[in-house]
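J.: One file: coords.cif (mmCIF, C-alpha atoms and all ligand atoms).
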data_target
loop_
_atom_site.label_atom_id
_atom_site.label_comp_id
_atom_site.auth_asym_id
_atom_site.auth_seq_id
_atom_site.Cartn_x
_atom_site.Cartn_y
_atom_site.Cartn_z
CA MET A 105 -113.18 109.90 -39.05
CA SER A 106 -114.66 106.88 -40.75
CA ILE A 107 -114.03 103.51 -39.07
CA PRO A 108 -114.37 100.43 -41.25
CA LEU A 109 -115.58 97.08 -39.92
CA PHE A 110 -112.36 95.62 -41.25
CA ASP A 111 -109.22 96.88 -43.02
CA LEU A 112 -106.59 94.41 -44.17
CA THR A 113 -104.34 96.96 -45.89
CA ARG A 114 -102.98 98.22 -42.55
CA GLN A 115 -101.74 94.72 -41.66
CA ASN A 116 -100.33 93.90 -45.08
CA ASP A 117 -98.71 97.32 -45.61
CA ALA A 118 -96.53 96.66 -42.57
CA LEU A 119 -95.07 93.59 -44.33
CA MET A 120 -95.23 94.86 -47.91
CA ASP A 121 -91.52 94.79 -48.81
CA GLU A 122 -91.20 91.20 -47.66
CA LEU A 123 -94.44 90.19 -49.39
CA LEU A 124 -93.40 91.76 -52.68
CA ALA A 125 -89.94 90.18 -52.61
CA THR A 126 -91.48 86.78 -51.86
CA ALA A 127 -94.10 87.07 -54.60
CA GLU A 128 -91.37 87.98 -57.07
CA ARG A 129 -89.20 85.07 -55.97
CA VAL A 130 -92.05 82.57 -56.48
CA LEU A 131 -93.04 84.12 -59.82
CA ARG A 132 -89.47 83.82 -61.07
CA SER A 133 -89.09 80.24 -59.77
CA GLY A 134 -91.44 78.75 -62.37
CA ARG A 135 -92.77 76.38 -59.65
CA TYR A 136 -96.39 77.16 -58.91
CA ILE A 137 -97.93 73.87 -57.83
CA MET A 138 -96.91 72.05 -54.61
CA GLY A 139 -93.19 72.10 -53.76
CA ASP A 140 -91.14 73.68 -50.96
CA GLU A 141 -93.47 76.55 -50.12
CA ILE A 142 -96.39 74.18 -49.53
CA ASP A 143 -94.20 71.80 -47.49
CA GLY A 144 -92.86 74.76 -45.50
CA LEU A 145 -96.28 76.21 -44.72
CA GLU A 146 -97.61 72.80 -43.70
CA ALA A 147 -94.72 72.16 -41.31
CA GLU A 148 -94.84 75.65 -39.79
CA ALA A 149 -98.64 75.64 -39.41
CA ALA A 150 -98.64 72.22 -37.73
CA GLN A 151 -95.97 73.48 -35.34
CA ALA A 152 -97.92 76.70 -34.58
CA LEU A 153 -101.29 74.99 -34.13
CA GLY A 154 -100.41 72.04 -31.94
CA SER A 155 -101.24 69.53 -34.67
CA VAL A 156 -99.18 66.63 -35.87
CA ASN A 157 -100.24 66.95 -39.48
CA SER A 158 -101.42 69.83 -41.63
CA LEU A 159 -102.43 69.92 -45.28
CA ALA A 160 -102.58 73.14 -47.34
CA VAL A 161 -105.76 73.34 -49.41
CA SER A 162 -107.66 75.67 -51.72
CA SER A 163 -110.09 77.22 -49.18
CA GLY A 164 -111.73 76.77 -45.79
CA THR A 165 -114.80 75.40 -47.53
CA ASP A 166 -112.68 72.83 -49.37
CA ALA A 167 -110.99 71.93 -46.08
CA ILE A 168 -114.40 70.96 -44.62
CA LEU A 169 -115.47 69.14 -47.78
CA LEU A 170 -112.16 67.28 -48.01
CA ALA A 171 -112.36 66.23 -44.35
CA LEU A 172 -115.91 64.92 -44.88
CA MET A 173 -114.80 63.02 -47.99
CA ALA A 174 -111.75 61.62 -46.22
CA ALA A 175 -113.99 60.52 -43.33
CA GLY A 176 -116.07 58.62 -45.88
CA ILE A 177 -119.28 60.64 -45.36
CA GLY A 178 -121.81 60.27 -48.17
CA PRO A 179 -125.39 59.45 -49.19
CA GLY A 180 -127.49 57.90 -46.42
CA ASP A 181 -125.41 59.51 -43.66
CA GLU A 182 -126.43 62.30 -41.31
CA VAL A 183 -124.06 64.99 -40.07
CA ILE A 184 -124.94 67.24 -37.11
CA LEU A 185 -123.94 70.91 -37.17
CA PRO A 186 -125.05 74.20 -35.60
CA ASP A 187 -127.93 76.08 -37.24
CA PHE A 188 -126.16 79.41 -36.72
CA THR A 189 -122.94 79.46 -38.78
CA PHE A 190 -121.59 80.48 -42.17
CA PHE A 191 -123.23 78.63 -45.04
CA ALA A 192 -120.18 76.52 -45.94
CA THR A 193 -120.50 74.31 -42.84
CA GLY A 194 -123.85 72.98 -44.06
CA GLY A 195 -123.20 73.36 -47.79
CA CYS A 196 -120.27 70.93 -47.64
CA VAL A 197 -122.36 68.27 -45.91
CA ALA A 198 -125.04 68.54 -48.62
CA ARG A 199 -122.39 68.31 -51.35
CA THR A 200 -121.22 64.91 -50.09
CA GLY A 201 -124.79 63.63 -50.49
CA ALA A 202 -125.22 63.31 -46.72
CA ARG A 203 -128.06 65.00 -44.85
CA PRO A 204 -127.20 68.06 -42.75
CA VAL A 205 -128.98 68.04 -39.36
CA PHE A 206 -129.10 71.51 -37.83
CA VAL A 207 -129.16 71.89 -34.05
CA ASP A 208 -129.75 74.88 -31.81
CA VAL A 209 -127.13 77.11 -30.23
CA CYS A 210 -126.39 78.95 -26.99
CA PRO A 211 -127.90 82.47 -27.01
CA TYR A 212 -124.74 83.96 -25.46
CA SER A 213 -121.72 82.09 -26.85
CA TYR A 214 -123.58 81.36 -30.14
CA ASN A 215 -122.02 77.87 -30.27
CA LEU A 216 -123.88 74.59 -30.65
CA LEU A 217 -125.39 72.97 -27.55
CA PRO A 218 -124.04 69.51 -26.65
CA GLU A 219 -127.48 68.45 -25.34
CA ALA A 220 -129.04 69.41 -28.70
CA VAL A 221 -126.38 67.34 -30.47
CA GLU A 222 -127.11 64.32 -28.31
CA ALA A 223 -130.86 64.65 -28.92
CA ALA A 224 -130.33 64.75 -32.71
CA ILE A 225 -128.32 61.51 -32.96
CA THR A 226 -130.00 58.71 -34.93
CA GLU A 227 -128.64 55.40 -36.25
CA LYS A 228 -127.68 57.27 -39.46
CA THR A 229 -125.53 59.88 -37.71
CA ARG A 230 -121.90 59.59 -38.76
CA ALA A 231 -120.28 62.89 -37.81
CA ILE A 232 -120.54 66.18 -35.91
CA ILE A 233 -119.16 69.51 -37.14
CA PRO A 234 -118.68 71.80 -34.14
CA VAL A 235 -118.08 75.38 -35.35
CA HIS A 236 -115.90 77.58 -33.15
CA LEU A 237 -117.91 80.63 -34.09
CA PHE A 238 -116.44 84.13 -34.01
CA GLY A 239 -113.20 82.70 -32.57
CA GLN A 240 -114.44 80.85 -29.48
CA SER A 241 -114.18 77.09 -29.13
CA ALA A 242 -117.39 75.10 -28.94
CA ASP A 243 -117.80 72.91 -25.86
CA MET A 244 -115.39 70.22 -27.06
CA SER A 245 -114.94 68.68 -23.61
CA ARG A 246 -118.64 67.73 -23.62
CA LEU A 247 -118.87 66.98 -27.35
CA MET A 248 -115.96 64.55 -27.61
CA PRO A 249 -117.38 62.03 -25.09
CA ILE A 250 -120.75 62.16 -26.92
CA ALA A 251 -118.98 61.47 -30.22
CA GLN A 252 -116.95 58.64 -28.70
CA LYS A 253 -120.01 57.05 -27.11
CA HIS A 254 -121.84 56.98 -30.47
CA GLY A 255 -118.80 56.25 -32.69
CA LEU A 256 -119.04 59.58 -34.57
CA ARG A 257 -116.31 61.43 -36.44
CA VAL A 258 -115.65 65.03 -35.35
CA ILE A 259 -114.67 67.68 -37.89
CA GLU A 260 -113.94 71.00 -36.23
CA ASP A 261 -114.81 74.08 -38.30
CA CYS A 262 -111.96 76.37 -37.20
CA ALA A 263 -112.40 78.86 -40.07
CA GLN A 264 -112.81 81.71 -37.57
CA SER A 265 -110.63 80.39 -34.78
CA ILE A 266 -107.04 79.76 -35.91
CA GLY A 267 -104.94 79.83 -32.73
CA ALA A 268 -107.89 79.55 -30.32
CA LYS A 269 -107.65 77.11 -27.40
CA HIS A 270 -110.02 75.01 -25.31
CA HIS A 271 -108.70 73.88 -21.90
CA GLY A 272 -105.20 74.58 -23.24
CA ASP A 273 -105.58 72.57 -26.46
CA TYR A 274 -105.55 74.23 -29.86
CA VAL A 275 -108.85 73.94 -31.72
CA GLY A 276 -108.48 71.68 -34.72
CA SER A 277 -106.29 69.27 -32.73
CA ILE A 278 -109.13 67.95 -30.54
CA GLY A 279 -111.47 66.25 -33.06
CA ASP A 280 -110.52 63.92 -35.93
CA TYR A 281 -110.11 66.78 -38.39
CA GLY A 282 -109.81 70.55 -38.19
CA ALA A 283 -110.60 72.96 -41.03
CA ILE A 284 -108.87 76.36 -41.17
CA SER A 285 -109.60 79.23 -43.57
CA PHE A 286 -107.22 81.91 -44.84
CA PHE A 287 -110.00 83.96 -46.43
CA PRO A 288 -108.82 87.59 -46.19
CA THR A 289 -111.21 88.52 -43.32
CA LYS A 290 -110.14 85.58 -41.14
CA ASN A 291 -107.56 85.94 -38.36
CA LEU A 292 -104.73 84.94 -40.67
CA GLY A 293 -105.90 86.66 -43.82
CA GLY A 294 -104.40 85.44 -47.08
CA PHE A 295 -104.20 86.91 -50.56
CA GLY A 296 -107.20 85.15 -52.01
CA ASP A 297 -108.63 81.78 -51.00
CA GLY A 298 -106.77 79.18 -48.98
CA GLY A 299 -107.18 76.79 -46.08
CA LEU A 300 -105.72 73.94 -44.05
CA VAL A 301 -106.87 70.50 -43.02
CA LEU A 302 -105.49 69.36 -39.66
CA ALA A 303 -105.52 65.71 -38.59
CA SER A 304 -103.85 63.96 -35.67
CA ASP A 305 -104.23 60.38 -36.85
CA PRO A 306 -101.82 59.36 -39.65
CA ILE A 307 -104.45 57.22 -41.41
CA ASP A 308 -107.01 60.06 -41.42
CA PHE A 309 -104.30 62.42 -42.64
CA GLY A 310 -103.17 60.03 -45.38
CA ARG A 311 -106.74 59.81 -46.69
CA ALA A 312 -107.06 63.60 -46.77
CA LYS A 313 -103.77 63.89 -48.63
CA ILE A 314 -104.92 61.48 -51.33
CA MET A 315 -108.30 63.23 -51.64
CA ARG A 316 -106.51 66.55 -52.26
CA VAL A 317 -105.18 65.21 -55.56
CA HIS A 318 -108.15 63.39 -57.13
CA GLY A 319 -107.97 60.38 -54.80
CA MET A 320 -104.79 59.44 -56.63
CA GLU A 321 -102.34 56.84 -55.23
CA PRO A 322 -99.97 55.96 -56.88
CA LYS A 323 -99.70 58.40 -59.78
CA TYR A 324 -102.61 58.07 -62.24
CA TYR A 325 -104.26 55.31 -60.23
CA HIS A 326 -107.44 56.38 -58.41
CA PRO A 327 -108.80 54.12 -55.69
CA GLU A 328 -111.07 56.99 -54.57
CA THR A 329 -112.87 59.96 -56.15
CA GLY A 330 -111.13 63.03 -54.76
CA GLY A 331 -110.75 66.46 -56.28
CA ASN A 332 -108.27 69.23 -56.94
CA PHE A 333 -108.04 70.88 -53.54
CA ARG A 334 -104.47 72.21 -53.79
CA MET A 335 -103.28 75.58 -52.49
CA ASP A 336 -101.12 77.67 -54.85
CA ALA A 337 -97.40 77.86 -54.03
CA ILE A 338 -97.50 81.67 -54.14
CA GLN A 339 -100.30 81.72 -51.55
CA ALA A 340 -98.32 79.41 -49.26
CA ALA A 341 -95.19 81.54 -49.61
CA LEU A 342 -97.08 84.73 -48.68
CA LEU A 343 -98.88 83.06 -45.77
CA ARG A 344 -95.53 81.89 -44.39
CA ILE A 345 -94.60 85.56 -43.96
CA LYS A 346 -97.75 86.31 -41.98
CA LEU A 347 -97.94 83.14 -39.85
CA PRO A 348 -95.24 84.20 -37.32
CA HIS A 349 -97.39 87.29 -36.58
CA LEU A 350 -100.56 85.32 -35.85
CA SER A 351 -100.29 85.49 -32.07
CA SER A 352 -99.73 89.24 -32.13
CA TYR A 353 -102.73 89.68 -34.46
CA ASN A 354 -104.85 87.58 -32.12
CA ALA A 355 -103.58 89.52 -29.10
CA GLY A 356 -104.65 92.78 -30.79
CA ARG A 357 -108.18 91.46 -31.28
CA GLN A 358 -108.22 90.19 -27.70
CA ALA A 359 -107.25 93.64 -26.35
CA ASN A 360 -110.01 95.30 -28.39
CA ALA A 361 -112.55 92.75 -27.16
CA GLU A 362 -111.52 93.30 -23.54
CA TYR A 363 -111.92 97.04 -23.98
CA TYR A 364 -115.45 96.64 -25.39
CA LEU A 365 -116.47 94.08 -22.76
CA LYS A 366 -115.33 96.36 -19.96
CA THR A 367 -116.62 99.64 -21.41
CA PHE A 368 -120.03 98.33 -22.43
CA GLY A 369 -120.35 96.08 -19.38
CA GLU A 370 -120.44 99.12 -17.08
CA ASN A 371 -123.61 100.46 -18.73
CA PRO A 372 -126.89 99.55 -16.94
CA GLN A 373 -128.63 98.89 -20.29
CA VAL A 374 -126.15 96.12 -21.05
CA PHE A 375 -126.34 92.48 -19.99
CA SER A 376 -123.00 90.69 -19.51
CA PRO A 377 -123.71 86.96 -19.44
CA THR A 378 -121.55 84.85 -17.15
CA GLU A 379 -121.02 81.09 -17.07
CA ASP A 380 -123.79 80.73 -14.40
CA THR A 381 -126.33 82.89 -16.27
CA ALA A 382 -125.84 80.91 -19.48
CA THR A 383 -129.05 79.00 -18.92
CA ALA A 384 -131.08 81.85 -17.34
CA THR A 385 -134.04 83.43 -19.09
CA GLN A 386 -133.77 86.32 -21.51
CA PRO A 387 -132.66 89.46 -19.63
CA GLU A 388 -134.16 92.91 -19.95
CA ALA A 389 -131.37 94.77 -21.72
CA ARG A 390 -130.80 96.82 -24.82
CA LEU A 391 -127.47 95.20 -25.63
CA ILE A 392 -126.31 91.67 -24.77
CA LEU A 393 -122.58 91.02 -24.74
CA PRO A 394 -121.06 87.72 -25.93
CA LEU A 395 -120.27 85.10 -23.29
CA THR A 396 -116.73 83.77 -23.20
CA TYR A 397 -115.75 80.81 -21.07
CA SER A 398 -112.66 81.10 -18.86
CA HIS A 399 -111.37 77.74 -20.15
CA ASN A 400 -111.31 79.13 -23.71
CA GLU A 401 -108.69 81.36 -25.36
CA VAL A 402 -110.78 83.31 -27.85
CA THR A 403 -109.40 84.73 -31.11
CA TRP A 404 -112.26 87.21 -31.67
CA ASN A 405 -112.70 86.92 -35.42
CA GLN A 406 -115.85 88.95 -34.78
CA PHE A 407 -117.14 90.91 -31.80
CA THR A 408 -120.83 90.12 -32.00
CA VAL A 409 -123.48 91.52 -29.68
CA ARG A 410 -127.26 91.10 -29.62
CA ILE A 411 -129.67 94.02 -29.86
CA PRO A 412 -133.08 92.65 -28.89
CA GLY A 413 -136.44 94.29 -29.62
CA GLU A 414 -138.44 95.05 -32.75
CA GLY A 415 -136.48 97.42 -35.02
CA ALA A 416 -133.78 98.00 -32.40
CA ARG A 417 -130.92 96.42 -34.35
CA GLU A 418 -131.72 98.55 -37.38
CA SER A 419 -131.80 101.69 -35.24
CA PHE A 420 -128.45 100.67 -33.68
CA ARG A 421 -126.84 100.09 -37.07
CA ASN A 422 -128.21 103.36 -38.46
CA HIS A 423 -126.83 105.21 -35.46
CA LEU A 424 -123.37 103.72 -35.99
CA GLN A 425 -123.61 104.38 -39.71
CA GLU A 426 -124.29 108.07 -38.93
CA HIS A 427 -121.05 108.04 -36.96
CA GLU A 428 -119.34 106.43 -40.00
CA ILE A 429 -118.73 103.15 -38.19
CA GLY A 430 -118.95 99.94 -40.17
CA THR A 431 -121.04 97.02 -38.83
CA GLU A 432 -122.20 93.74 -40.36
CA ILE A 433 -124.73 91.04 -39.63
CA TYR A 434 -123.12 87.63 -39.29
CA TYR A 435 -125.55 85.93 -40.04
CA PRO A 436 -129.05 87.13 -40.91
CA LEU A 437 -130.63 83.72 -41.63
CA PRO A 438 -130.00 80.38 -39.89
CA LEU A 439 -129.14 77.45 -42.14
CA SER A 440 -132.41 75.61 -41.43
CA GLN A 441 -134.24 78.53 -43.09
CA GLN A 442 -132.07 78.66 -46.22
CA LYS A 443 -134.00 77.92 -49.41
CA CYS A 444 -131.52 75.25 -50.57
CA PHE A 445 -131.99 73.24 -47.36
CA GLU A 446 -135.82 73.21 -47.50
CA ARG A 447 -135.69 69.73 -48.99
CA TYR A 448 -134.39 68.34 -45.69
CA SER A 449 -137.48 69.69 -43.81
CA PRO A 450 -135.21 70.73 -40.93
CA ASP A 451 -136.51 71.14 -37.38
CA ALA A 452 -136.83 74.74 -36.22
CA CYS A 453 -134.04 76.03 -33.98
CA PRO A 454 -135.67 78.92 -32.08
CA THR A 455 -132.53 80.29 -30.42
CA ALA A 456 -130.59 80.34 -33.69
CA ALA A 457 -133.51 82.24 -35.27
CA MET A 458 -133.52 84.75 -32.41
CA VAL A 459 -129.75 85.27 -32.57
CA ALA A 460 -129.93 85.77 -36.35
CA ASP A 461 -132.58 88.48 -35.79
CA GLU A 462 -130.58 90.30 -33.10
CA CYS A 463 -126.87 89.89 -33.87
CA VAL A 464 -124.56 92.64 -35.09
CA SER A 465 -120.75 92.71 -35.30
CA LEU A 466 -118.51 95.68 -34.48
CA PRO A 467 -114.98 96.59 -35.70
CA ILE A 468 -112.45 94.39 -33.86
CA PHE A 469 -109.51 93.96 -36.27
CA PRO A 470 -106.06 94.11 -34.61
CA GLU A 471 -104.90 97.35 -36.24
CA LEU A 472 -107.90 99.31 -34.97
CA THR A 473 -106.33 102.25 -33.09
CA SER A 474 -107.28 103.10 -29.51
CA ASP A 475 -108.77 106.36 -30.82
CA GLU A 476 -110.95 104.41 -33.19
CA ARG A 477 -112.19 101.91 -30.66
CA GLU A 478 -113.01 104.77 -28.27
CA LYS A 479 -115.08 106.35 -31.06
CA VAL A 480 -116.89 103.04 -31.56
CA ALA A 481 -117.60 102.81 -27.83
CA GLU A 482 -118.83 106.43 -27.67
CA ALA A 483 -121.26 105.80 -30.53
CA VAL A 484 -122.56 102.59 -28.93
CA LEU A 485 -122.99 104.28 -25.53
CA SER A 486 -124.70 107.32 -27.05
CA TRP A 487 -127.23 104.98 -28.69
CA LEU A 488 -127.80 103.16 -25.38
CA ASN A 489 -128.30 106.41 -23.48
CA GLN A 490 -130.59 108.12 -25.97
C1 LIG B 1 -115.17 81.51 -43.73
C2 LIG B 1 -115.83 80.30 -43.20
C3 LIG B 1 -115.84 79.08 -43.89
C4 LIG B 1 -115.32 78.94 -45.29
O1 LIG B 1 -114.03 79.37 -45.51
P1 LIG B 1 -113.57 79.87 -46.98
O2 LIG B 1 -112.09 79.92 -46.87
O3 LIG B 1 -114.21 81.21 -47.18
O4 LIG B 1 -114.04 78.88 -47.96
C5 LIG B 1 -116.40 77.98 -43.28
N1 LIG B 1 -116.95 78.06 -42.07
C6 LIG B 1 -117.01 79.20 -41.37
C7 LIG B 1 -117.61 79.21 -40.00
C8 LIG B 1 -116.45 80.37 -41.91
O5 LIG B 1 -116.50 81.51 -41.22
#
The structure in this file should be written as structure tokens.
Ligand SMILES: *Cc1c(COP(=O)(O)O)cnc(C)c1O
T.:
Amino acid sequence: MSIPLFDLTRQNDALMDELLATAERVLRSGRYIMGDEIDGLEAEAAQALGSVNSLAVSSGTDAILLALMAAGIGPGDEVILPDFTFFATGGCVARTGARPVFVDVCPYSYNLLPEAVEAAITEKTRAIIPVHLFGQSADMSRLMPIAQKHGLRVIEDCAQSIGAKHHGDYVGSIGDYGAISFFPTKNLGGFGDGGLVLASDPIDFGRAKIMRVHGMEPKYYHPETGGNFRMDAIQAALLRIKLPHLSSYNAGRQANAEYYLKTFGENPQVFSPTEDTATATQPEARLILPLTYSHNEVTWNQFTVRIPGEGARESFRNHLQEHEIGTEIYYPLPLSQQKCFERYSPDACPTAAMVADECVSLPIFPELTSDEREKVAEAVLSWLNQ
């Protein structure tokens, strides 16, 4: 039995008749840009995500870029973000002409450290992009007061965390802007690229809306330089079919994560970090589980563990590969070490570098069967016990 890291066909097959009928209806309508499907998705997503306003856009990357543009970030500005994240978080900052400032992360939750953010603030700092990596909220309750104290905008990168909560609040509704991705591997996987910008404040939202269509207001008058960041109507229509299932998809991932945490946590070679050990020194262990905070509701876009020791991660991956189990490394190189960011001479972030060397993600998608996750666990335990 081969077990893929991820399989979207199982989820979409279950809705196929409805998806096909909807695609046909949109194709026959002759209306492919904006319109009712976009309005409908925006209203339903805002309702589902605890946000007042939501804007459908072309991708998660464009959602971040659009939010930065709407916040007026540009040349001469600095934007603080975690060193350990997907490229887009930093790439968008660079594209505005602002300087990305990479800060170090927690070795267990993998999210950016509020104290590192505070230490990186200069008189040029204009914004922070907390990333809720792998589906767990960053420490927003400590980050927001820091941002308020220094007058910084906060753009939450929620690409991996649609539906996640922090102290009961949906991510994306806490900062000034939230950026959601519907890339097929995300928790609400679309049929190509797509994303959402969330904004609570009507002025911030209005700016984002204008930026989505070339900074145009009114028609053919352009007070600002925006872009074409629209989502296709057919994408919106298909996403509207999947959105009502989001909480059940997230619950499936949650159940798989709980199974892994419990099963692996019982092995003596495994370290299970807790909220009090978060600042302790590196444990002696062959596998380090992710730390989740009790005040967070995690959406588990990835289940990512650390395998410390020279060559150990490769041996672990080879072992799983022999058992036909898919794994992936999210992410092998921190942003501060990416060639394209050399020109910023970024400070080293030692924990991000260590996590990038040791991380590996296991199958966690909601349709994984209990047989399959047991096979994954058996393979992991047989590696630990060998
Ligand atoms: C996927 C992702 C993005 C970009 O989203 P796209 O829809 O692929 O453009 C941005 N940030 C993070 C953390 C992501 O995982």
J.: When you draw a straight line from CA of Glu476 in chain A to CA of His236 in chain A, how long is it in Å?
T.: 27.3 Å
J.: Can you build me a table of range 335-422 of chain A residues sitting at most 8 Å from range 288-299 of chain A, with the closest atom pair per residue and its distance in Å to one decimal, using all atoms listed in the file, sorted by chain and residue number, as a Markdown table?
T.:
| residue | atom | partner | partner_atom | distance |
| --- | --- | --- | --- | --- |
| A:Met335 | CA | A:Gly298 | CA | 6.1 |
| A:Gln339 | CA | A:Phe295 | CA | 6.6 |
| A:Leu342 | CA | A:Gly294 | CA | 7.5 |
| A:Leu343 | CA | A:Gly294 | CA | 6.2 |
| A:Lys346 | CA | A:Leu292 | CA | 7.2 |
| A:Leu347 | CA | A:Leu292 | CA | 7.1 |
| A:Leu350 | CA | A:Leu292 | CA | 6.4 |
| A:Tyr353 | CA | A:Asn291 | CA | 7.2 |
| A:Asn354 | CA | A:Asn291 | CA | 7.0 |
| A:Thr403 | CA | A:Asn291 | CA | 7.6 |
| A:Asn405 | CA | A:Asn291 | CA | 6.0 |
J.: Please provide the set of residues having any atom within 7 Å of Thr455 in chain A, restricted to all atoms listed in the file, with same-chain residues fewer than 2 positions apart removed, written as a list in words.
T.: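 The neighbour list is Asp208, Val209, Pro211, Cys453, Ala457, Met458 and Val459 of chain A.
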J.: Give the residue list for ligand LIG 1 (chain B) at 7 Å, counting all atoms listed in the file, as a tab-separated table (two decimals) with C-alpha atoms, in the frame of the given file, sorted by chain and then by residue number.
T.:
chain	number	residue	atom	x	y	z
A	163	SER	CA	-110.09	77.22	-49.18
A	164	GLY	CA	-111.73	76.77	-45.79
A	165	THR	CA	-114.80	75.40	-47.53
A	166	ASP	CA	-112.68	72.83	-49.37
A	189	THR	CA	-122.94	79.46	-38.78
A	190	PHE	CA	-121.59	80.48	-42.17
A	191	PHE	CA	-123.23	78.63	-45.04
A	192	ALA	CA	-120.18	76.52	-45.94
A	193	THR	CA	-120.50	74.31	-42.84
A	235	VAL	CA	-118.08	75.38	-35.35
A	237	LEU	CA	-117.91	80.63	-34.09
A	261	ASP	CA	-114.81	74.08	-38.30
A	262	CYS	CA	-111.96	76.37	-37.20
A	263	ALA	CA	-112.40	78.86	-40.07
A	264	GLN	CA	-112.81	81.71	-37.57
A	285	SER	CA	-109.60	79.23	-43.57
A	286	PHE	CA	-107.22	81.91	-44.84
A	287	PHE	CA	-110.00	83.96	-46.43
A	290	LYS	CA	-110.14	85.58	-41.14
A	297	ASP	CA	-108.63	81.78	-51.00
A	298	GLY	CA	-106.77	79.18	-48.98
A	299	GLY	CA	-107.18	76.79	-46.08
J.: What does the structure give for the distance between CA of Leu131 in chain A and CA of Ile345 in chain A, in Å to one decimal?
T.: 16.0 Å
J.: Which residue is closest to Ser106 in chain A? Choose from A:Ala460, A:Ala160, A:Val480, A:Leu391 and count all atoms listed in the file.
T.: A:Val480
J.: Tell me, as a tab-separated table (two decimals) with C-alpha atoms, in the coordinates of the input, which residues lie within 12 Å of Arg246 in chain A, counting only C-alpha atoms; anything in the same chain fewer than 6 positions away does not count.
T.:
chain	number	residue	atom	x	y	z
A	216	LEU	CA	-123.88	74.59	-30.65
A	217	LEU	CA	-125.39	72.97	-27.55
A	218	PRO	CA	-124.04	69.51	-26.65
A	219	GLU	CA	-127.48	68.45	-25.34
A	220	ALA	CA	-129.04	69.41	-28.70
A	221	VAL	CA	-126.38	67.34	-30.47
A	222	GLU	CA	-127.11	64.32	-28.31
A	234	PRO	CA	-118.68	71.80	-34.14
A	252	GLN	CA	-116.95	58.64	-28.70
A	253	LYS	CA	-120.01	57.05	-27.11
A	270	HIS	CA	-110.02	75.01	-25.31
A	271	HIS	CA	-108.70	73.88	-21.90
A	278	ILE	CA	-109.13	67.95	-30.54
A	279	GLY	CA	-111.47	66.25	-33.06
J.: So how many Å separate CA of Cys444 in chain A and CA of Ala167 in chain A, to one decimal?
T.: 21.3 Å
J.: Using all atoms listed in the file, determine which residues lie at most 9 Å from Tyr363 in chain A, disregarding the query and same-chain residues fewer than 4 positions distant; provide the list as JSON, numbers by chain.
T.: {"A": [358, 359, 367, 368, 477, 478, 481]}
